[in-house]
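Shown next: structure.cif, given as mmCIF, C-alpha atoms.
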data_start
loop_
_atom_site.label_atom_id
_atom_site.label_comp_id
_atom_site.auth_asym_id
_atom_site.auth_seq_id
_atom_site.Cartn_x
_atom_site.Cartn_y
_atom_site.Cartn_z
CA MET A 1 31.66 26.50 24.95
CA PRO A 2 29.68 23.56 23.45
CA ILE A 3 29.91 23.26 19.67
CA ILE A 4 27.86 21.40 17.06
CA ARG A 5 29.24 19.67 13.95
CA PHE A 6 26.87 18.99 11.09
CA HIS A 7 27.80 15.65 9.54
CA GLY A 8 24.65 15.38 7.43
CA GLY A 9 21.07 16.50 6.91
CA CYS A 10 21.93 20.08 5.91
CA HIS A 11 20.88 21.41 2.51
CA GLN A 12 19.76 17.85 1.72
CA ILE A 13 17.25 15.23 2.79
CA GLY A 14 19.80 12.40 2.55
CA MET A 15 20.91 11.74 6.12
CA SER A 16 20.68 13.29 9.55
CA CYS A 17 23.71 13.30 11.85
CA MET A 18 24.89 16.06 14.20
CA GLU A 19 27.65 15.90 16.80
CA ILE A 20 27.54 17.90 20.03
CA ASP A 21 30.88 18.44 21.77
CA THR A 22 30.67 19.99 25.24
CA LYS A 23 34.39 19.39 26.01
CA LYS A 24 33.23 17.06 28.79
CA SER A 25 31.32 14.73 26.48
CA LYS A 26 30.38 14.05 22.87
CA ILE A 27 27.04 12.79 21.60
CA LEU A 28 25.37 12.34 18.23
CA LEU A 29 21.86 13.44 17.40
CA ASP A 30 20.83 10.73 14.92
CA CYS A 31 23.18 8.69 12.76
CA GLY A 32 21.42 8.22 9.46
CA MET A 33 22.38 6.96 6.04
CA ASP A 34 21.34 8.10 2.58
CA PRO A 35 19.31 5.05 1.50
CA ASN A 36 19.34 6.18 -2.14
CA LYS A 37 23.15 6.18 -2.33
CA ASN A 38 24.03 3.88 0.62
CA ALA A 39 26.17 6.74 1.96
CA VAL A 40 26.99 7.03 5.67
CA PRO A 41 28.42 9.97 7.64
CA ASN A 42 32.16 10.32 8.10
CA ILE A 43 32.54 10.27 11.88
CA ASP A 44 35.17 9.25 14.42
CA THR A 45 33.39 7.15 17.04
CA LYS A 46 36.18 6.71 19.60
CA ASP A 47 35.09 9.66 21.77
CA ILE A 48 31.33 9.44 21.16
CA ASP A 49 29.57 8.73 24.45
CA ALA A 50 26.11 8.07 23.01
CA VAL A 51 23.80 8.36 20.01
CA LEU A 52 20.33 9.81 20.57
CA VAL A 53 17.94 8.63 17.86
CA SER A 54 14.89 10.68 16.99
CA HIS A 55 13.15 7.91 15.03
CA ALA A 56 13.64 4.72 13.06
CA HIS A 57 13.67 5.95 9.45
CA LEU A 58 16.94 5.04 7.75
CA ASP A 59 17.95 8.64 7.08
CA HIS A 60 18.04 9.06 10.88
CA SER A 61 19.14 5.63 12.16
CA GLY A 62 20.40 3.59 9.21
CA ALA A 63 24.16 4.09 9.73
CA ILE A 64 24.25 3.01 13.39
CA PRO A 65 25.29 -0.63 12.70
CA CYS A 66 28.24 0.66 10.64
CA PHE A 67 29.90 1.89 13.84
CA ASN A 68 30.83 0.49 17.23
CA PHE A 69 28.98 2.88 19.56
CA ARG A 70 28.99 2.60 23.36
CA LYS A 71 25.32 3.48 23.86
CA VAL A 72 22.26 4.25 21.71
CA TYR A 73 19.11 5.84 23.17
CA CYS A 74 15.67 5.72 21.54
CA THR A 75 12.06 4.87 22.34
CA THR A 76 11.04 1.20 22.60
CA PRO A 77 8.99 1.17 19.36
CA SER A 78 11.90 2.82 17.54
CA ALA A 79 14.22 0.00 18.61
CA ASP A 80 11.89 -2.64 17.14
CA LEU A 81 11.35 -0.69 13.92
CA MET A 82 15.08 -0.01 13.50
CA TYR A 83 15.78 -3.74 13.62
CA ILE A 84 13.32 -4.39 10.75
CA LEU A 85 14.73 -1.56 8.63
CA TRP A 86 18.35 -2.53 9.35
CA LYS A 87 17.54 -6.07 8.20
CA ASP A 88 16.23 -4.63 4.92
CA VAL A 89 19.50 -2.73 4.45
CA SER A 90 21.55 -5.85 5.12
CA LYS A 91 19.63 -7.71 2.38
CA LEU A 92 19.71 -4.94 -0.22
CA SER A 93 23.05 -3.19 0.18
CA LYS A 94 25.38 -5.43 2.23
CA ILE A 95 26.94 -2.43 3.99
CA TYR A 96 26.45 -4.36 7.23
CA GLY A 97 25.21 -7.77 8.26
CA GLU A 98 23.63 -9.68 11.12
CA LYS A 99 26.72 -9.39 13.33
CA GLU A 100 26.76 -5.59 13.10
CA ILE A 101 22.99 -5.37 13.65
CA LYS A 102 23.25 -7.50 16.81
CA ARG A 103 26.12 -5.35 18.08
CA ALA A 104 23.99 -2.23 17.61
CA LEU A 105 20.93 -3.76 19.28
CA ASP A 106 23.02 -4.80 22.28
CA VAL A 107 23.90 -1.19 23.14
CA ILE A 108 20.38 0.25 22.79
CA GLU A 109 18.73 1.64 25.91
CA THR A 110 15.06 2.50 25.49
CA VAL A 111 13.16 5.36 27.11
CA ASN A 112 9.57 6.56 27.31
CA TYR A 113 8.31 9.99 26.39
CA LYS A 114 9.00 12.66 29.04
CA GLU A 115 11.29 10.33 30.99
CA LYS A 116 14.36 12.24 32.18
CA LYS A 117 17.59 10.38 31.51
CA ARG A 118 21.16 11.35 32.36
CA ILE A 119 23.24 10.64 29.27
CA THR A 120 26.65 11.92 30.39
CA GLU A 121 27.93 13.85 33.40
CA ASP A 122 26.78 17.15 31.86
CA ILE A 123 23.82 16.17 29.59
CA THR A 124 20.29 15.16 30.61
CA MET A 125 17.72 14.10 28.00
CA GLU A 126 13.95 13.95 27.60
CA MET A 127 12.08 12.72 24.53
CA TYR A 128 8.78 14.21 23.38
CA ASP A 129 6.30 12.80 20.86
CA ALA A 130 7.17 14.22 17.41
CA GLY A 131 3.98 13.00 15.67
CA HIS A 132 5.96 11.72 12.66
CA ILE A 133 5.92 7.90 12.92
CA LEU A 134 5.43 5.41 15.74
CA GLY A 135 7.95 6.18 18.50
CA SER A 136 9.30 9.31 16.81
CA SER A 137 10.77 11.86 19.18
CA SER A 138 11.83 15.43 19.56
CA ILE A 139 14.94 15.37 21.76
CA TYR A 140 15.22 17.91 24.59
CA LEU A 141 18.63 18.31 26.22
CA ASP A 142 19.78 20.10 29.35
CA ILE A 143 23.51 20.82 28.96
CA GLU A 144 24.64 22.30 32.26
CA GLY A 145 21.55 24.50 32.45
CA LYS A 146 21.36 25.40 28.75
CA LYS A 147 18.37 23.92 26.91
CA LEU A 148 18.41 22.46 23.40
CA LEU A 149 15.45 21.10 21.44
CA TYR A 150 16.07 18.99 18.34
CA THR A 151 12.68 18.49 16.68
CA GLY A 152 13.63 15.48 14.59
CA ASP A 153 11.00 15.06 11.87
CA ILE A 154 7.76 16.55 13.15
CA ASN A 155 4.08 16.67 12.30
CA GLU A 156 2.06 19.17 14.27
CA ARG A 157 -1.24 17.77 12.90
CA GLU A 158 -3.12 14.71 14.11
CA THR A 159 -3.26 11.81 11.65
CA ARG A 160 -5.26 8.57 11.52
CA THR A 161 -2.51 6.69 13.34
CA LEU A 162 -0.73 9.32 15.46
CA LYS A 163 -1.23 12.17 17.86
CA PRO A 164 0.23 15.57 16.92
CA ALA A 165 3.71 16.58 18.04
CA ASP A 166 4.10 17.63 21.67
CA THR A 167 4.53 21.37 22.16
CA ASP A 168 4.28 21.62 25.98
CA ILE A 169 8.03 22.10 26.27
CA GLU A 170 9.95 24.24 28.75
CA GLU A 171 12.33 27.05 27.82
CA ILE A 172 14.59 26.63 24.78
CA ASP A 173 17.96 28.27 24.28
CA THR A 174 18.73 26.63 20.93
CA LEU A 175 16.30 25.00 18.50
CA ILE A 176 17.29 22.58 15.72
CA ILE A 177 14.32 22.22 13.37
CA GLU A 178 13.72 20.17 10.22
CA SER A 179 12.75 21.89 6.96
CA THR A 180 11.59 19.16 4.56
CA TYR A 181 8.62 21.37 3.64
CA GLY A 182 10.09 24.63 4.86
CA SER A 183 9.26 27.02 2.01
CA PRO A 184 6.05 29.03 1.53
CA LEU A 185 5.51 26.98 -1.64
CA ASP A 186 5.15 23.86 0.51
CA ILE A 187 1.55 24.29 1.65
CA LYS A 188 -0.47 21.08 1.54
CA PRO A 189 -4.25 20.54 1.53
CA ALA A 190 -6.02 19.58 4.75
CA ARG A 191 -5.65 15.93 5.70
CA LYS A 192 -9.31 15.09 4.97
CA ALA A 193 -8.99 16.64 1.50
CA LEU A 194 -5.91 14.50 0.84
CA GLU A 195 -7.77 11.40 1.99
CA ARG A 196 -10.70 12.17 -0.34
CA GLN A 197 -8.31 12.77 -3.24
CA LEU A 198 -6.59 9.43 -2.58
CA ILE A 199 -9.90 7.55 -2.46
CA GLU A 200 -11.15 9.27 -5.63
CA GLU A 201 -7.97 8.30 -7.50
CA ILE A 202 -8.26 4.69 -6.30
CA SER A 203 -12.00 4.54 -7.11
CA SER A 204 -11.58 5.82 -10.67
CA THR A 205 -9.00 3.09 -11.36
CA ILE A 206 -11.08 0.34 -9.79
CA GLU A 207 -14.04 1.42 -11.96
CA LYS A 208 -11.85 0.85 -15.02
CA LYS A 209 -10.92 -2.62 -13.67
CA GLY A 210 -7.38 -1.40 -13.14
CA LYS A 211 -4.75 -1.93 -10.49
CA VAL A 212 -3.38 0.75 -8.17
CA ILE A 213 0.30 0.68 -7.15
CA ILE A 214 1.20 2.76 -4.09
CA PRO A 215 4.93 2.90 -3.24
CA VAL A 216 5.49 3.78 0.41
CA PHE A 217 8.05 3.80 3.18
CA ALA A 218 7.60 0.71 5.34
CA VAL A 219 7.20 2.74 8.52
CA GLY A 220 4.66 5.51 8.92
CA ARG A 221 3.23 6.22 5.51
CA ALA A 222 2.39 2.57 4.87
CA GLN A 223 0.29 2.32 8.03
CA GLU A 224 -1.38 5.68 7.39
CA ILE A 225 -2.37 4.73 3.83
CA ILE A 226 -3.62 1.29 4.89
CA ALA A 227 -5.68 2.82 7.71
CA VAL A 228 -7.24 5.37 5.33
CA ILE A 229 -8.11 2.73 2.73
CA TYR A 230 -9.63 0.45 5.37
CA HIS A 231 -11.71 3.30 6.83
CA TYR A 232 -13.26 4.18 3.47
CA MET A 233 -13.84 0.54 2.50
CA ASN A 234 -15.42 -0.15 5.89
CA SER A 235 -17.73 2.84 5.51
CA GLY A 236 -18.80 1.76 2.01
CA VAL A 237 -17.32 4.76 0.20
CA LEU A 238 -14.60 2.71 -1.48
CA GLU A 239 -15.41 -0.55 -3.26
CA GLU A 240 -13.88 -3.55 -1.53
CA VAL A 241 -11.09 -5.05 -3.61
CA PRO A 242 -8.04 -7.07 -2.51
CA VAL A 243 -5.34 -5.01 -0.76
CA TYR A 244 -1.88 -6.51 -1.16
CA VAL A 245 1.28 -5.48 0.70
CA ASP A 246 4.89 -6.32 0.00
CA GLY A 247 8.27 -5.70 1.60
CA SER A 248 8.56 -5.34 5.36
CA ILE A 249 5.17 -3.63 5.71
CA ILE A 250 3.53 -6.66 7.37
CA HIS A 251 6.26 -6.70 10.03
CA THR A 252 6.22 -2.95 10.66
CA THR A 253 2.41 -2.89 10.84
CA GLY A 254 2.66 -5.66 13.42
CA VAL A 255 4.92 -3.40 15.49
CA TYR A 256 2.32 -0.63 15.22
CA LEU A 257 -0.34 -2.98 16.56
CA SER A 258 1.98 -4.09 19.37
CA TYR A 259 2.43 -0.50 20.61
CA SER A 260 -1.15 0.71 20.35
CA GLN A 261 -0.73 2.80 23.52
CA TRP A 262 1.74 4.99 21.60
CA LEU A 263 -0.78 5.67 18.81
CA ASN A 264 -3.79 7.92 18.29
CA PRO A 265 -6.37 7.04 20.99
CA LYS A 266 -8.91 6.31 18.21
CA ILE A 267 -6.70 3.40 17.10
CA ARG A 268 -6.57 2.08 20.65
CA ARG A 269 -10.36 2.25 20.96
CA MET A 270 -10.81 0.33 17.71
CA LEU A 271 -8.50 -2.42 18.95
CA GLU A 272 -10.30 -2.57 22.30
CA CYS A 273 -13.53 -3.11 20.36
CA GLY A 274 -11.97 -6.00 18.46
CA GLN A 275 -11.55 -4.05 15.22
CA ASN A 276 -8.27 -4.04 13.30
CA PRO A 277 -7.63 -0.43 12.17
CA PHE A 278 -5.54 -1.75 9.28
CA GLY A 279 -8.22 -4.15 8.04
CA TYR A 280 -7.35 -7.34 6.20
CA VAL A 281 -4.35 -7.15 3.91
CA LYS A 282 -2.75 -9.96 1.92
CA LYS A 283 0.89 -10.72 1.23
CA ALA A 284 1.41 -9.98 -2.45
CA ASP A 285 1.89 -12.99 -4.73
CA SER A 286 1.53 -13.83 -8.42
CA ASP A 287 -2.25 -13.32 -8.20
CA VAL A 288 -1.54 -9.58 -8.25
CA PHE A 289 -0.74 -9.86 -11.97
CA ASN A 290 -3.64 -12.16 -12.86
CA GLU A 291 -6.70 -11.07 -10.88
CA GLY A 292 -8.97 -8.12 -11.46
CA PRO A 293 -8.84 -4.73 -9.71
CA CYS A 294 -6.63 -4.53 -6.64
CA ILE A 295 -4.47 -2.21 -4.57
CA ILE A 296 -0.75 -2.94 -4.15
CA ILE A 297 1.11 -1.17 -1.33
CA SER A 298 4.84 -1.83 -1.40
CA THR A 299 8.25 -0.48 -0.49
CA SER A 300 10.24 1.53 -1.37
CA GLY A 301 8.70 4.99 -1.25
CA MET A 302 10.97 6.58 -3.87
CA LEU A 303 11.14 3.47 -6.09
CA GLN A 304 14.86 3.07 -5.39
CA GLY A 305 14.95 -0.70 -5.06
CA GLY A 306 12.63 -2.92 -3.08
CA PRO A 307 9.78 -5.19 -4.20
CA VAL A 308 7.71 -2.33 -5.69
CA LEU A 309 9.93 -2.41 -8.79
CA GLN A 310 8.44 -5.70 -9.98
CA TYR A 311 4.96 -4.13 -10.06
CA LEU A 312 6.02 -1.26 -12.32
CA LYS A 313 5.54 -3.54 -15.35
CA LEU A 314 1.82 -3.04 -14.71
CA LEU A 315 2.27 0.54 -15.92
CA LYS A 316 2.44 -0.83 -19.47
CA TYR A 317 -1.36 -0.95 -19.33
CA PRO A 318 -3.34 2.32 -19.46
CA GLN A 319 -6.02 1.22 -16.97
CA ASN A 320 -3.45 0.96 -14.15
CA LYS A 321 -2.23 3.78 -11.94
CA LEU A 322 0.78 4.63 -9.79
CA ILE A 323 0.09 6.93 -6.82
CA LEU A 324 3.15 8.65 -5.35
CA THR A 325 2.34 9.62 -1.79
CA GLY A 326 5.33 11.65 -0.68
CA TYR A 327 8.52 13.48 -1.43
CA GLN A 328 10.60 12.06 -4.31
CA ALA A 329 14.29 12.96 -4.02
CA GLU A 330 16.32 14.14 -6.98
CA ASP A 331 17.81 11.40 -9.18
CA THR A 332 15.33 8.76 -8.01
CA LEU A 333 13.02 6.70 -10.20
CA GLY A 334 10.11 8.18 -8.26
CA ARG A 335 11.17 11.72 -9.23
CA ALA A 336 11.52 10.65 -12.89
CA LEU A 337 7.96 9.29 -12.90
CA GLU A 338 6.67 12.35 -11.08
CA GLU A 339 8.21 14.52 -13.80
CA GLY A 340 6.49 12.56 -16.58
CA ALA A 341 8.97 9.90 -17.74
CA LYS A 342 7.52 7.99 -20.70
CA THR A 343 9.79 4.97 -20.26
CA ILE A 344 11.52 3.52 -17.20
CA LYS A 345 14.17 0.85 -16.74
CA PRO A 346 13.94 -0.59 -13.20
CA PHE A 347 15.59 -3.80 -14.42
CA LYS A 348 17.23 -4.82 -17.71
CA ASN A 349 14.30 -4.09 -20.00
CA GLU A 350 12.63 -0.75 -20.59
CA ILE A 351 8.98 -0.40 -19.62
CA PRO A 352 6.70 2.03 -21.47
CA VAL A 353 4.64 4.14 -19.06
CA ARG A 354 1.09 4.09 -20.41
CA GLY A 355 -0.65 4.00 -17.05
CA GLU A 356 -1.42 7.15 -15.09
CA VAL A 357 1.01 8.57 -12.52
CA VAL A 358 -0.39 10.92 -9.89
CA LYS A 359 1.12 12.55 -6.81
CA ILE A 360 -0.74 13.04 -3.53
CA GLU A 361 1.52 14.48 -0.83
CA PHE A 362 0.63 12.20 2.09
CA SER A 363 3.71 13.13 4.03
CA ALA A 364 4.34 12.43 7.70
CA HIS A 365 6.15 15.78 7.89
CA GLY A 366 4.45 19.04 8.74
CA ASP A 367 4.06 21.43 5.79
CA TYR A 368 5.14 25.08 5.86
CA ASN A 369 2.04 26.24 7.76
CA SER A 370 2.38 23.38 10.24
CA LEU A 371 6.03 24.25 10.93
CA ILE A 372 5.08 27.89 11.55
CA ARG A 373 2.27 26.84 13.90
CA TYR A 374 4.69 24.58 15.75
CA LEU A 375 7.16 27.48 16.18
CA LYS A 376 4.38 29.64 17.63
CA LYS A 377 3.34 26.93 20.11
CA ILE A 378 6.77 26.21 21.62
CA PRO A 379 8.83 28.70 23.69
CA THR A 380 10.77 31.21 21.58
CA PRO A 381 14.41 30.09 21.33
CA ASN A 382 17.47 32.34 21.38
CA LYS A 383 19.06 30.66 18.33
CA VAL A 384 17.82 28.35 15.56
CA PHE A 385 19.56 25.87 13.25
CA VAL A 386 17.50 24.79 10.24
CA VAL A 387 18.40 21.31 8.94
CA HIS A 388 17.10 18.33 6.97
CA GLY A 389 15.77 20.01 3.86
CA GLU A 390 16.91 20.79 0.35
CA ARG A 391 18.73 24.11 0.06
CA TYR A 392 15.72 26.21 -0.97
CA GLN A 393 13.53 24.78 1.81
CA SER A 394 16.20 25.27 4.50
CA LEU A 395 17.04 28.83 3.48
CA SER A 396 13.36 29.76 3.11
CA LEU A 397 12.48 28.55 6.59
CA ALA A 398 15.55 30.24 8.06
CA MET A 399 14.48 33.56 6.48
CA THR A 400 10.92 33.13 7.76
CA ILE A 401 12.10 32.46 11.31
CA TRP A 402 14.47 35.42 11.24
CA LYS A 403 11.74 37.75 9.96
CA SER A 404 9.04 36.54 12.35
CA LEU A 405 11.07 35.91 15.54
CA LYS A 406 14.00 38.31 15.03
CA ILE A 407 16.48 35.78 16.36
CA PRO A 408 19.74 34.46 14.85
CA THR A 409 18.86 31.61 12.45
CA PHE A 410 21.32 29.47 10.49
CA ALA A 411 20.93 26.96 7.65
CA PRO A 412 24.39 25.36 7.94
CA PRO A 413 25.86 23.27 5.11
CA VAL A 414 27.36 19.84 5.83
CA GLY A 415 30.71 20.13 7.56
CA SER A 416 29.86 23.31 9.47
CA VAL A 417 31.10 23.69 13.06
CA LEU A 418 29.24 26.34 15.07
CA PRO A 419 28.72 27.39 18.71
CA LEU A 420 25.72 25.50 20.06
CA PHE A 421 24.43 28.32 22.28
#

Please rewrite the model in this file as structure tokens.
Amino acid sequence: MPIIRFHGGCHQIGMSCMEIDTKKSKILLDCGMDPNKNAVPNIDTKDIDAVLVSHAHLDHSGAIPCFNFRKVYCTTPSADLMYILWKDVSKLSKIYGEKEIKRALDVIETVNYKEKKRITEDITMEMYDAGHILGSSSIYLDIEGKKLLYTGDINERETRTLKPADTDIEEIDTLIIESTYGSPLDIKPARKALERQLIEEISSTIEKKGKVIIPVFAVGRAQEIIAVIYHYMNSGVLEEVPVYVDGSIIHTTGVYLSYSQWLNPKIRRMLECGQNPFGYVKKADSDVFNEGPCIIISTSGMLQGGPVLQYLKLLKYPQNKLILTGYQAEDTLGRALEEGAKTIKPFKNEIPVRGEVVKIEFSAHGDYNSLIRYLKKIPTPNKVFVVHGERYQSLSLAMTIWKSLKIPTFAPPVGSVLPLF
């Protein structure tokens, strides 16, 4: 009987890594790191036949260069994005270097959506669009006739840059679903309402001649925010001011433009008409601190390192504003600011927080309602594992699935070993 070991991503957001052991073969679903703590999963790689990567975010792919794997499968855009993010890790944390990154790249085999691929003698794989970031996938496995769907991180709603997650999937025996926003308390406004809120917050700061700092993840949220800002500037709703980016956002946005066929068709049409959907952005420099109103979009999304830290000194001035656009994990600087910290210490000296801090949940994950809609659109599974969420979110979603579908549902803690089917 195939079993599944949960090495990470259970009762936490930190990292995603699950091992499937069929007795004939062993594979990993994701091999992420906790970028806030530089922690990697404790795994023995000698019998691992392959790693199947749902998407490029570090909590799903960041630990791969730490190990000597035989084969890694992902989509082509994911491979390019992983390289950029791995390079960031090598600069910031030193847990691996160029040699390990090259070794990992050398064993990557890329696939397209809905392309059937035999992974081992008893496992066949297909990847479906997960709607989360460029190249993100839900992984569908056939294990000697039994069907498993691992959603990865999903978004069932269309966004400016991406199509919604695929739901035209065949029968499912076991479902592994994320639960980042898995509780009934996690209901977000409609996307258009979020966009209007973002633009209103930016506009009010620009009117006061202030600067707006937007910390983001380099892949996904950065491109979504840039596309929204460009749309409203282009339509005259938002005053045109300089838009600066820092970190690896220029490189990752270049990857987005290179794979336009993987994006929302509206993006493709804009490019075909000679229009850049991400507008004109500048690489941040010292002018950011001297000029008038501007928008600064920089990594990292939870303010745990990265170039965004240098811009936090702007919060000394009351006319400036920090806009948090997504989930802020516990014990991060982003969470401290979200909870109203009056002083921060990103470097040696304390900074008083006199500027405004607001939160607009611009997540690339589906909220509670979106997850429920997704469950109703796909075939009803016989068993569900709920992963990749803090304890309350995971348990809440597990209870909801049990009540609504009347099927065995588990929210396993890290270290659990359970029958897969």

Write out as a PyMOL selection string the residues lying within 8 Å of Val241 in chain A, counting only C-alpha atoms and excluding same-chain residues fewer than 2 positions away. chain A and resi 239+243+293-295

Could the residues of range 79-177 of chain A that have an atom at most 12 Å from range 213-218 of chain A be listed as a Markdown table, each with its closest atom pair and the distance in Å to one decimal, counting only C-alpha atoms and ordered by chain and ascending residue number?
| residue | atom | partner | partner_atom | distance |
| --- | --- | --- | --- | --- |
| A:Leu81 | CA | A:Ala218 | CA | 9.5 |
| A:Met82 | CA | A:Ala218 | CA | 11.1 |
| A:Ile84 | CA | A:Ala218 | CA | 9.4 |
| A:Leu85 | CA | A:Ala218 | CA | 8.2 |
| A:Trp86 | CA | A:Ala218 | CA | 11.9 |
| A:Asp88 | CA | A:Ala218 | CA | 10.2 |
| A:Ile133 | CA | A:Ala218 | CA | 10.6 |
| A:Leu134 | CA | A:Ala218 | CA | 11.6 |

Can those selected residues be exported to a file as a PDB file, in the coordinates of the input so that it contains C-alpha atoms?
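And here's result.pdb as it stands now:
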ATOM      1  CA  LEU A  81      11.350  -0.690  13.920  1.00  0.00           C
ATOM      2  CA  MET A  82      15.080  -0.010  13.500  1.00  0.00           C
ATOM      3  CA  ILE A  84      13.320  -4.390  10.750  1.00  0.00           C
ATOM      4  CA  LEU A  85      14.730  -1.560   8.630  1.00  0.00           C
ATOM      5  CA  TRP A  86      18.350  -2.530   9.350  1.00  0.00           C
ATOM      6  CA  ASP A  88      16.230  -4.630   4.920  1.00  0.00           C
ATOM      7  CA  ILE A 133       5.920   7.900  12.920  1.00  0.00           C
ATOM      8  CA  LEU A 134       5.430   5.410  15.740  1.00  0.00           C
TER       9      LEU A 134
END

Explicit residues for the PyMOL selection byres ((chain A and resi 164-181) around 8) (as a VMD selection string): chain A and resid 13 128 to 132 146 to 159 162 to 163 182 to 183 186 to 187 365 to 368 374 377 to 390 393 to 394 397 420 to 421

Contact residues around Val228 in chain A with only C-alpha atoms at 8 Å, ignoring same-chain residues under 4 positions, as a list in words: Arg160, Glu195, Glu224 and Tyr232 of chain A

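Proximity ranking of A:Val53, A:Ala63, A:Ile372, A:Ala190 relative to Ser396 in chain A places A:Ile372 first, based on only C-alpha atoms.
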
Can you list every residue of range 222-263 of chain A that has an atom at most 6 Å from range 282-286 of chain A, with its nearest atom pair and the distance in Å to one decimal, using only C-alpha atoms, ordered by chain then number, as a tab-separated table?
residue	atom	partner	partner_atom	distance
A:Tyr244	CA	A:Lys282	CA	4.7
A:Val245	CA	A:Lys283	CA	5.3
A:Asp246	CA	A:Ala284	CA	5.6

Can you measure CA of Gln310 in chain A to CA of Arg196 in chain A for me? One decimal in Å is fine. 27.9 Å
